[in-house]
>>> print(open('structure-v7.txt').read())   # compact mmCIF, C-alpha atoms and all ligand atoms
# COMPACT_ATOMS: atom_id res chain seq x y z
CA MET Z 1 -1.54 -22.67 13.41
CA ARG Z 2 -0.48 -25.82 11.54
CA ARG Z 3 -3.25 -25.26 9.02
CA LEU Z 4 -1.95 -21.76 8.44
CA ALA Z 5 1.62 -22.99 7.89
CA ALA Z 6 0.35 -25.61 5.42
CA PHE Z 7 -1.71 -22.99 3.60
CA CYS Z 8 1.32 -20.72 3.34
CA SER Z 9 3.63 -23.39 1.95
CA MET Z 10 0.92 -24.34 -0.56
CA LEU Z 11 0.71 -20.72 -1.56
CA VAL Z 12 4.45 -20.54 -2.18
CA LEU Z 13 4.16 -23.61 -4.43
CA CYS Z 14 1.19 -22.12 -6.27
CA LEU Z 15 3.19 -19.01 -6.91
CA ALA Z 16 6.19 -20.82 -8.32
CA ALA Z 17 6.33 -19.11 -11.68
CA PRO Z 18 9.25 -19.12 -14.11
CA ALA Z 19 10.76 -15.73 -14.93
CA LEU Z 20 9.64 -14.30 -18.25
CA SER Z 21 12.19 -14.13 -21.00
CA ALA Z 22 12.65 -10.88 -22.89
CA SER Z 23 11.82 -12.60 -26.17
CA ALA Z 24 8.56 -13.95 -24.75
CA LEU Z 25 7.63 -10.45 -23.68
CA ALA Z 26 8.48 -8.98 -27.06
CA ALA Z 27 6.54 -11.68 -28.88
CA SER Z 28 3.22 -10.99 -27.22
CA ALA Z 29 1.37 -7.92 -28.44
CA LEU Z 30 -1.35 -5.95 -26.71
CA SER Z 31 -4.81 -6.92 -27.87
CA ALA Z 32 -7.06 -4.15 -29.21
CA SER Z 33 -9.39 -4.44 -26.21
CA ALA Z 34 -6.55 -3.44 -23.90
CA LEU Z 35 -6.18 -0.08 -25.61
CA ALA Z 36 -8.15 3.10 -24.99
CA ALA Z 37 -9.25 5.38 -27.83
CA SER Z 38 -6.01 7.34 -27.35
CA GLY Z 39 -4.02 4.20 -28.20
CA LYS Z 40 -2.66 4.00 -24.67
CA PRO Z 41 -3.40 0.95 -22.51
CA ARG Z 42 -6.51 1.34 -20.37
CA PRO Z 43 -5.68 1.54 -16.64
CA ASP Z 44 -7.78 -1.54 -16.01
CA ALA Z 45 -6.66 -3.48 -19.09
CA LEU Z 46 -4.83 -6.10 -17.05
CA LEU Z 47 -7.54 -6.25 -14.42
CA SER Z 48 -10.34 -6.98 -16.84
CA ALA Z 49 -8.27 -9.59 -18.67
CA LEU Z 50 -7.30 -11.50 -15.53
CA TRP Z 51 -10.37 -11.25 -13.27
CA THR Z 52 -14.12 -11.11 -13.71
CA PRO Z 53 -15.99 -7.96 -12.61
CA ARG Z 54 -17.38 -9.98 -9.71
CA GLU Z 55 -13.94 -11.12 -8.56
CA LEU Z 56 -12.70 -7.55 -8.72
CA ALA Z 57 -15.67 -6.11 -6.87
CA GLY Z 58 -15.24 -8.54 -3.98
CA SER Z 59 -17.76 -8.96 -1.21
CA GLU Z 60 -18.44 -8.61 2.48
CA ALA Z 61 -16.30 -11.72 3.05
CA ASP Z 62 -13.24 -9.66 2.11
CA ARG Z 63 -13.85 -7.46 5.12
CA VAL Z 64 -13.67 -10.18 7.77
CA ILE Z 65 -10.88 -9.56 10.25
CA GLY Z 66 -9.69 -11.47 13.28
CA ALA Z 67 -7.04 -13.37 15.15
CA VAL Z 68 -5.22 -16.39 13.80
CA GLY Z 69 -4.20 -17.69 17.23
CA GLU Z 70 -0.49 -18.17 17.67
CA PRO Z 71 1.82 -15.77 15.83
CA ASP Z 72 2.71 -17.12 12.42
CA PRO Z 73 6.49 -17.64 12.29
CA GLY Z 74 6.47 -18.68 8.61
CA VAL Z 75 8.40 -16.49 6.24
CA PRO Z 76 8.35 -16.55 2.45
CA ALA Z 77 11.11 -17.86 0.24
CA LEU Z 78 11.60 -16.71 -3.32
CA ALA Z 79 9.60 -18.99 -5.59
CA PRO Z 80 11.66 -21.02 -8.10
CA GLY Z 81 12.86 -18.81 -10.94
CA VAL Z 82 12.04 -15.58 -9.12
CA THR Z 83 14.81 -13.19 -8.18
CA LEU Z 84 14.72 -9.98 -6.19
CA PRO Z 85 15.46 -6.93 -8.31
CA GLU Z 86 18.42 -4.78 -7.34
CA ARG Z 87 17.55 -2.08 -4.81
CA PRO Z 88 17.70 1.52 -6.06
CA ALA Z 89 20.65 3.72 -5.09
CA ALA Z 90 20.60 5.47 -1.71
CA VAL Z 91 17.90 8.13 -1.41
CA PRO Z 92 19.18 11.67 -2.14
CA ARG Z 93 19.69 13.81 0.96
CA ALA Z 94 16.71 16.11 0.25
CA MET Z 95 14.40 13.10 0.27
CA GLN Z 96 15.79 11.49 3.43
CA GLY Z 97 13.81 11.47 6.66
CA ALA Z 98 10.05 10.97 6.94
CA ILE Z 99 8.20 12.96 4.27
CA ARG Z 100 5.01 14.57 5.57
CA ARG Z 101 3.98 16.57 2.54
CA VAL Z 102 5.31 18.07 -0.67
CA GLU Z 103 5.71 21.78 -1.28
CA LEU Z 104 4.44 22.36 -4.80
CA PRO Z 105 5.44 25.25 -7.06
CA ALA Z 106 3.05 28.19 -6.63
CA ALA Z 107 1.27 27.64 -9.95
CA ALA Z 108 0.45 24.06 -9.02
CA SER Z 109 -0.45 24.81 -5.43
CA GLY Z 110 -3.47 26.86 -6.43
CA LYS Z 111 -2.02 30.17 -5.27
CA GLU Z 112 -2.37 31.44 -8.80
CA VAL Z 113 -6.01 30.95 -9.50
CA GLY Z 114 -6.74 28.99 -12.62
CA LYS Z 115 -3.14 27.95 -13.22
CA GLY Z 116 -1.73 24.55 -12.49
CA ARG Z 117 -3.48 21.82 -10.62
CA LYS Z 118 -3.96 21.15 -6.96
CA ALA Z 119 -2.46 17.71 -6.40
CA ILE Z 120 -2.73 15.55 -3.30
CA ALA Z 121 -1.79 11.93 -2.63
CA LEU Z 122 -4.34 9.53 -1.17
CA THR Z 123 -2.45 6.72 0.57
CA PHE Z 124 -3.79 3.48 2.00
CA ASP Z 125 -1.98 1.14 4.37
CA LEU Z 126 -2.49 -2.62 4.28
CA CYS Z 127 -1.17 -3.52 7.71
CA GLU Z 128 -1.19 -7.03 9.11
CA ARG Z 129 0.61 -8.31 12.18
CA ALA Z 130 1.98 -11.78 12.91
CA ASN Z 131 -1.20 -13.02 14.64
CA ASN Z 132 -4.09 -11.41 12.81
CA VAL Z 133 -5.78 -11.23 9.43
CA ALA Z 134 -6.65 -7.64 8.56
CA GLY Z 135 -8.98 -8.06 5.58
CA TYR Z 136 -9.50 -5.95 2.44
CA GLU Z 137 -11.91 -3.01 2.23
CA ASN Z 138 -13.27 -3.87 -1.19
CA ARG Z 139 -15.70 -0.91 -1.16
CA VAL Z 140 -12.81 1.60 -0.89
CA ILE Z 141 -10.95 0.16 -3.86
CA ASN Z 142 -14.16 -0.13 -5.89
CA LEU Z 143 -14.88 3.53 -5.22
CA LEU Z 144 -11.40 4.60 -6.35
CA ARG Z 145 -11.80 2.55 -9.51
CA GLU Z 146 -15.28 3.90 -10.24
CA ARG Z 147 -13.98 7.44 -9.96
CA ASN Z 148 -10.76 6.55 -11.83
CA LEU Z 149 -8.56 7.97 -9.06
CA ARG Z 150 -4.88 7.39 -8.52
CA ALA Z 151 -3.60 6.24 -5.12
CA THR Z 152 -0.68 4.61 -3.34
CA PHE Z 153 -0.99 1.42 -1.29
CA PHE Z 154 1.57 0.50 1.35
CA ALA Z 155 1.28 -3.26 1.61
CA GLY Z 156 2.48 -5.34 4.51
CA GLY Z 157 4.26 -8.49 3.30
CA LYS Z 158 2.16 -10.80 5.43
CA TRP Z 159 -0.98 -8.98 4.29
CA MET Z 160 0.03 -9.74 0.68
CA ARG Z 161 0.47 -13.42 1.60
CA SER Z 162 -2.97 -13.59 3.27
CA HIS Z 163 -4.67 -11.69 0.42
CA PRO Z 164 -2.75 -12.76 -2.72
CA GLU Z 165 -5.50 -12.15 -5.28
CA LYS Z 166 -6.27 -8.71 -3.86
CA ALA Z 167 -2.57 -7.84 -3.76
CA MET Z 168 -2.16 -8.85 -7.41
CA GLN Z 169 -5.27 -6.86 -8.39
CA LEU Z 170 -3.81 -3.74 -6.79
CA MET Z 171 -0.44 -4.39 -8.48
CA ALA Z 172 -2.15 -4.86 -11.85
CA ASP Z 173 -4.14 -1.62 -11.68
CA ALA Z 174 -2.32 1.13 -13.57
CA ARG Z 175 -4.00 3.78 -11.40
CA PHE Z 176 -2.20 2.50 -8.34
CA GLU Z 177 1.31 2.51 -6.92
CA MET Z 178 2.55 -0.07 -4.42
CA GLY Z 179 4.86 0.58 -1.48
CA ASN Z 180 6.36 -1.51 1.33
CA HIS Z 181 4.77 -1.56 4.80
CA ALA Z 182 7.16 -4.12 6.37
CA TRP Z 183 6.62 -7.86 6.77
CA THR Z 184 4.57 -8.09 10.00
CA HIS Z 185 4.14 -4.39 10.79
CA GLY Z 186 7.31 -4.31 12.85
CA ASN Z 187 7.91 -1.14 14.85
CA LEU Z 188 11.15 -0.09 13.18
CA ALA Z 189 11.96 2.31 16.04
CA LEU Z 190 12.53 -0.74 18.27
CA MET Z 191 14.49 -2.81 15.78
CA THR Z 192 18.15 -3.44 14.98
CA ARG Z 193 19.52 -2.79 11.52
CA GLU Z 194 19.26 -6.52 10.75
CA GLU Z 195 15.66 -6.72 11.95
CA ILE Z 196 14.73 -3.68 9.88
CA ALA Z 197 16.37 -5.22 6.81
CA SER Z 198 14.47 -8.46 7.39
CA GLN Z 199 11.08 -6.71 7.75
CA MET Z 200 11.63 -4.95 4.45
CA ARG Z 201 13.18 -7.86 2.56
CA LEU Z 202 10.51 -10.42 3.47
CA ALA Z 203 7.85 -8.06 2.13
CA GLU Z 204 9.95 -7.60 -1.03
CA ILE Z 205 10.10 -11.40 -1.47
CA GLN Z 206 6.33 -11.75 -1.10
CA TYR Z 207 5.82 -8.92 -3.59
CA ALA Z 208 8.28 -10.49 -6.07
CA ASN Z 209 6.54 -13.89 -5.87
CA LEU Z 210 3.13 -12.35 -6.49
CA ARG Z 211 4.42 -10.15 -9.29
CA ALA Z 212 5.92 -13.22 -10.99
CA GLU Z 213 2.53 -14.93 -10.77
CA LEU Z 214 0.86 -11.82 -12.21
CA LEU Z 215 3.33 -11.80 -15.12
CA ARG Z 216 2.75 -15.50 -15.75
CA ARG Z 217 -1.02 -15.05 -15.90
CA ALA Z 218 -0.74 -11.93 -18.05
CA GLU Z 219 1.59 -13.62 -20.50
CA ALA Z 220 -0.91 -16.43 -20.93
CA LYS Z 221 -3.43 -13.79 -22.06
CA GLY Z 222 -1.00 -12.03 -24.40
CA LEU Z 223 -0.55 -9.13 -21.98
CA GLY Z 224 2.98 -9.89 -20.79
CA PRO Z 225 4.44 -6.52 -21.90
CA LEU Z 226 1.68 -4.64 -20.10
CA ALA Z 227 2.23 -6.57 -16.86
CA ALA Z 228 5.98 -6.11 -17.14
CA GLN Z 229 5.42 -2.34 -16.90
CA ARG Z 230 4.12 -2.75 -13.36
CA ALA Z 231 6.84 -1.79 -10.90
CA GLY Z 232 9.28 -4.54 -10.00
CA VAL Z 233 10.92 -2.56 -7.23
CA LEU Z 234 9.21 -1.10 -4.18
CA SER Z 235 10.80 2.31 -3.75
CA VAL Z 236 8.46 4.02 -1.29
CA MET Z 237 7.65 2.73 2.18
CA ARG Z 238 5.55 3.63 5.17
CA LEU Z 239 6.68 3.23 8.76
CA PRO Z 240 4.36 0.96 10.80
CA TYR Z 241 2.82 3.12 13.58
CA GLY Z 242 4.64 6.03 11.94
CA ARG Z 243 7.51 5.13 14.30
CA SER Z 244 11.10 5.70 13.31
CA SER Z 245 14.59 6.07 14.75
CA GLU Z 246 17.72 7.65 13.32
CA LEU Z 247 18.98 4.11 12.69
CA ALA Z 248 15.79 3.18 10.81
CA LEU Z 249 15.77 6.35 8.70
CA ASP Z 250 19.44 5.86 7.78
CA ALA Z 251 19.00 2.15 7.01
CA LEU Z 252 15.92 2.81 4.84
CA ALA Z 253 17.58 5.66 2.94
CA ALA Z 254 20.68 3.54 2.35
CA SER Z 255 18.57 0.76 0.85
CA GLY Z 256 16.77 3.14 -1.52
CA TYR Z 257 13.50 3.54 0.36
CA VAL Z 258 11.76 6.92 0.37
CA VAL Z 259 9.86 7.11 3.69
CA ILE Z 260 6.35 8.49 3.26
CA GLN Z 261 4.31 9.82 6.15
CA TRP Z 262 1.31 12.13 5.97
CA ASP Z 263 0.11 15.55 7.00
CA VAL Z 264 -3.55 14.49 7.16
CA ASP Z 265 -4.67 11.47 9.20
CA GLY Z 266 -7.97 10.58 7.56
CA GLU Z 267 -9.28 8.11 10.14
CA GLY Z 268 -7.73 9.45 13.36
CA ASP Z 269 -9.99 8.95 16.41
CA GLU Z 270 -12.65 7.48 14.15
CA GLU Z 271 -14.48 6.04 17.17
CA LEU Z 272 -15.18 9.56 18.38
CA HIS Z 273 -16.52 11.10 15.18
CA THR Z 274 -19.07 10.56 12.43
CA PRO Z 275 -17.88 10.09 8.85
CA GLU Z 276 -19.26 13.57 8.10
CA GLU Z 277 -17.08 15.07 10.83
CA LEU Z 278 -14.03 13.12 9.69
CA ALA Z 279 -14.52 14.18 6.06
CA ALA Z 280 -14.98 17.82 7.14
CA ARG Z 281 -11.78 17.65 9.20
CA ALA Z 282 -9.86 16.22 6.24
CA LEU Z 283 -11.17 19.00 3.99
CA ARG Z 284 -10.02 21.61 6.49
CA LEU Z 285 -6.52 20.11 6.68
CA LEU Z 286 -5.89 19.12 3.07
CA LYS Z 287 -3.96 21.55 0.92
CA PRO Z 288 -2.06 21.19 -2.36
CA GLY Z 289 0.86 18.81 -1.80
CA SER Z 290 -0.84 17.01 1.11
CA ILE Z 291 -0.42 13.31 1.76
CA MET Z 292 -3.46 11.70 3.38
CA LEU Z 293 -3.24 8.55 5.51
CA MET Z 294 -6.02 5.96 5.34
CA HIS Z 295 -6.28 2.18 5.33
CA ALA Z 296 -7.55 -0.30 2.78
CA ASN Z 297 -7.46 -3.22 5.15
CA ALA Z 298 -10.76 -3.72 6.94
CA VAL Z 299 -9.63 -2.61 10.40
CA PRO Z 300 -10.85 1.02 10.39
CA GLN Z 301 -14.63 1.09 10.12
CA LYS Z 302 -15.36 4.45 8.49
CA THR Z 303 -12.92 4.84 5.60
CA PHE Z 304 -15.48 4.06 2.89
CA ALA Z 305 -18.08 6.41 4.37
CA ILE Z 306 -15.49 9.20 4.70
CA LEU Z 307 -14.38 8.81 1.08
CA ARG Z 308 -17.94 8.87 -0.25
CA ILE Z 309 -18.28 12.35 1.19
CA LEU Z 310 -14.74 13.52 0.61
CA LEU Z 311 -14.05 12.50 -2.99
CA PRO Z 312 -16.87 14.47 -4.69
CA GLU Z 313 -15.96 17.49 -2.57
CA LEU Z 314 -12.29 17.27 -3.55
CA LYS Z 315 -13.30 17.17 -7.19
CA LYS Z 316 -15.55 20.20 -6.72
CA ARG Z 317 -12.64 22.10 -5.19
CA GLY Z 318 -10.37 21.30 -8.12
CA TYR Z 319 -8.13 18.73 -6.48
CA GLU Z 320 -6.39 16.04 -8.49
CA THR Z 321 -5.25 12.83 -6.79
CA VAL Z 322 -1.86 11.45 -7.78
CA THR Z 323 0.41 8.70 -6.51
CA VAL Z 324 2.99 9.65 -3.89
CA SER Z 325 5.83 9.22 -6.39
CA GLU Z 326 4.09 11.55 -8.83
CA LEU Z 327 3.59 14.11 -6.06
CA LEU Z 328 7.30 13.88 -5.18
CA ARG Z 329 8.24 14.56 -8.79
CA ARG Z 330 6.21 17.77 -8.74
CA GLY Z 331 7.74 19.56 -5.77
CA ARG Z 332 10.02 19.65 -2.75
CA PRO Z 333 9.39 17.16 0.09
CA GLN Z 334 9.01 18.42 3.63
CA THR Z 335 10.64 15.99 6.02
CA VAL Z 336 10.96 15.32 9.75
CA ARG Z 337 13.47 13.13 11.57
CA GLU Z 338 10.90 11.47 13.80
CA GLY Z 339 7.58 10.10 12.57
CA TYR Z 340 4.28 11.02 14.23
CA PHE Z 341 0.54 11.12 13.54
CA THR Z 342 -0.53 14.75 14.04
CA THR Z 343 1.84 16.14 16.68
CA PRO Z 344 5.41 15.06 17.49
CA GLY Z 345 5.51 12.25 20.05
CA ASP Z 346 1.86 11.27 19.68
CA ASN Z 347 2.70 7.72 18.57
CA LEU Z 348 5.20 6.78 21.28
CA GLN Z 349 2.53 4.77 23.09
CA TYR Z 350 2.53 2.17 20.32
CA ASP Z 351 5.93 0.95 21.54
CA ALA Z 352 4.12 -0.50 24.57
CA ILE Z 353 0.70 -1.35 23.12
CA PHE Z 354 1.89 -3.82 20.50
CA PRO Z 355 4.26 -6.50 21.79
CA GLY Z 356 6.88 -8.39 19.79
CA LYS Z 357 8.50 -5.18 18.59
CA GLY Z 358 5.15 -4.13 17.21
CA THR Z 359 4.38 -7.30 15.31
CA LEU Z 360 1.62 -8.68 17.55
CA LYS Z 361 -2.00 -7.95 18.38
CA PRO Z 362 -3.83 -7.15 20.52
CA ASP Z 363 -4.20 -3.46 20.73
CA PRO Z 364 -6.28 -3.12 23.92
CA ALA Z 365 -7.88 0.02 22.54
CA ARG Z 366 -9.10 -1.86 19.46
CA PRO Z 367 -10.09 -5.43 20.27
CA PHE Z 368 -11.13 -7.68 17.43
CA ALA Z 369 -14.60 -6.90 16.18
CA THR Z 370 -15.23 -10.39 14.87
CA GLU Z 371 -14.69 -14.03 15.73
CA PRO Z 372 -11.35 -15.57 14.77
CA VAL Z 373 -11.17 -16.24 11.06
CA PRO Z 374 -9.93 -19.44 9.44
CA PRO Z 375 -6.52 -18.96 7.83
CA ALA Z 376 -7.47 -20.23 4.35
CA GLN Z 377 -9.85 -17.73 2.77
ZN ZN Z 401 0.17 0.08 9.31
>>> encode(input="structure-v7.txt", output="structure tokens", more="lines below")
Ligand SMILES: [Zn+2]
Amino acid sequence: MRRLAAFCSMLVLCLAAPALSASALAASALSASALAASGKPRPDALLSALWTPRELAGSEADRVIGAVGEPDPGVPALAPGVTLPERPAAVPRAMQGAIRRVELPAAASGKEVGKGRKAIALTFDLCERANNVAGYENRVINLLRERNLRATFFAGGKWMRSHPEKAMQLMADARFEMGNHAWTHGNLALMTREEIASQMRLAEIQYANLRAELLRRAEAKGLGPLAAQRAGVLSVMRLPYGRSSELALDALAASGYVVIQWDVDGEGDEELHTPEELAARALRLLKPGSIMLMHANAVPQKTFAILRILLPELKKRGYETVTVSELLRRGRPQTVREGYFTTPGDNLQYDAIFPGKGTLKPDPARPFATEPVPPAQ
């Protein structure tokens, strides 16, 4: 516990990066190696400049999960010189509520054969509660990068603190979009307006500190302008446990958060099915405009195996993967006023399973698979 607190305060110090000045950004030019043949920056230009292929690929060690003993009460402070960007304006009425999928225009939904593209959003949650470390499924991210696929990651604030290099790698990858998944996976349906605001804001602070560190490193390599293009504001979020209340939906909309759910739960009941069965189920349920829920922490066991089957099949069927924000720009969101997994009310049990307003392990149905892990990775 003490070791964890010490590690966290060290991390905050390590991340103390001065804000970049506009003139410094303008002065640094993109190197030729960062550009594709088209003249546009390569999606992995920042990645390859800041990390070695080996660091990016990761290893089995990234997938270790476990308890950290007592809940970690430490919260992040903005590093010196780092400020939180202004929140966007309130979400327009048509986008309020929990978005389950997007209705695309007919040409893009595949109803007119050969016209338009069939777009879906692959989304990955990076959940981590106050008393566990949830790991990073390096094989999933490597697969997305190999296939050059776009995706959205909803990152828990505490997950970003426990996995800072991985969080920065995801931020730096131009294929990917980042969203907020609350600080310690708080169940927003059980929280007051102040508690909801705190869950979101602490994750924003952690994101801002890491983004400042990313900008500092990029500037040192002459890639400041490229890094500065990476989003400074988290504008999409995912409800932990998919749980919401009218209060939570109103508070999130007022603070400029678009709430993203899913119409396809990729890993649901994974203990009961083979990856082949889970991939086949996803293929049955996916349609143009779908949003698919998965995880890129290392808690679910079958995500990588599912994707190895699913991704080639999606390509064969003419699907294009886009970020959630891109999908929203292409059509009309379909919303509900109460979040759920596959049928309304099917997530109410999480209110009781996870104590501390949802922020604590254990989940009796999913005990830790590994021994406790040391806090410093
Ligand atoms: Zn989650």
>>> residues_around(input="structure-v7.txt", residues="Leu285 (chain Z)", least_positions_apart="2", cutoff="12 Å", atoms="all atoms listed in the file", output="PyMOL selection string")
chain Z and resi 101+120+262-266+278-283+287-292+342
>>> residues_near_ligand(input="structure-v7.txt", ligand="ligand ZN 401 (chain Z)", cutoff="8 Å", atoms="all atoms listed in the file", output="list in words")
Asp125, Leu126, Cys127, Glu128, Gly156, His181, His185, Arg238, Leu239, Pro240, Tyr241, Gly242 and His295 of chain Z
>>> residues_near_point(input="structure-v7.txt", point="(-5.9, -5.8, -10.1)", cutoff="12 Å", atoms="all atoms listed in the file", output="ChimeraX atom specification")
/Z:43-53,55-58,138,141-142,145,164-178,210-211,214,217-218,227,230
>>> closest_residue(input="structure-v7.txt", among="Z:Glu320, Z:Glu246, Z:Glu277, Z:Glu326", to="Ala98 (chain Z)", atoms="all atoms listed in the file")
Z:Glu246
>>> closest_residue(input="structure-v7.txt", among="Z:Asn180, Z:Ser109, Z:Ser162, Z:Ser244", to="Asn131 (chain Z)", atoms="only C-alpha atoms")
Z:Ser162
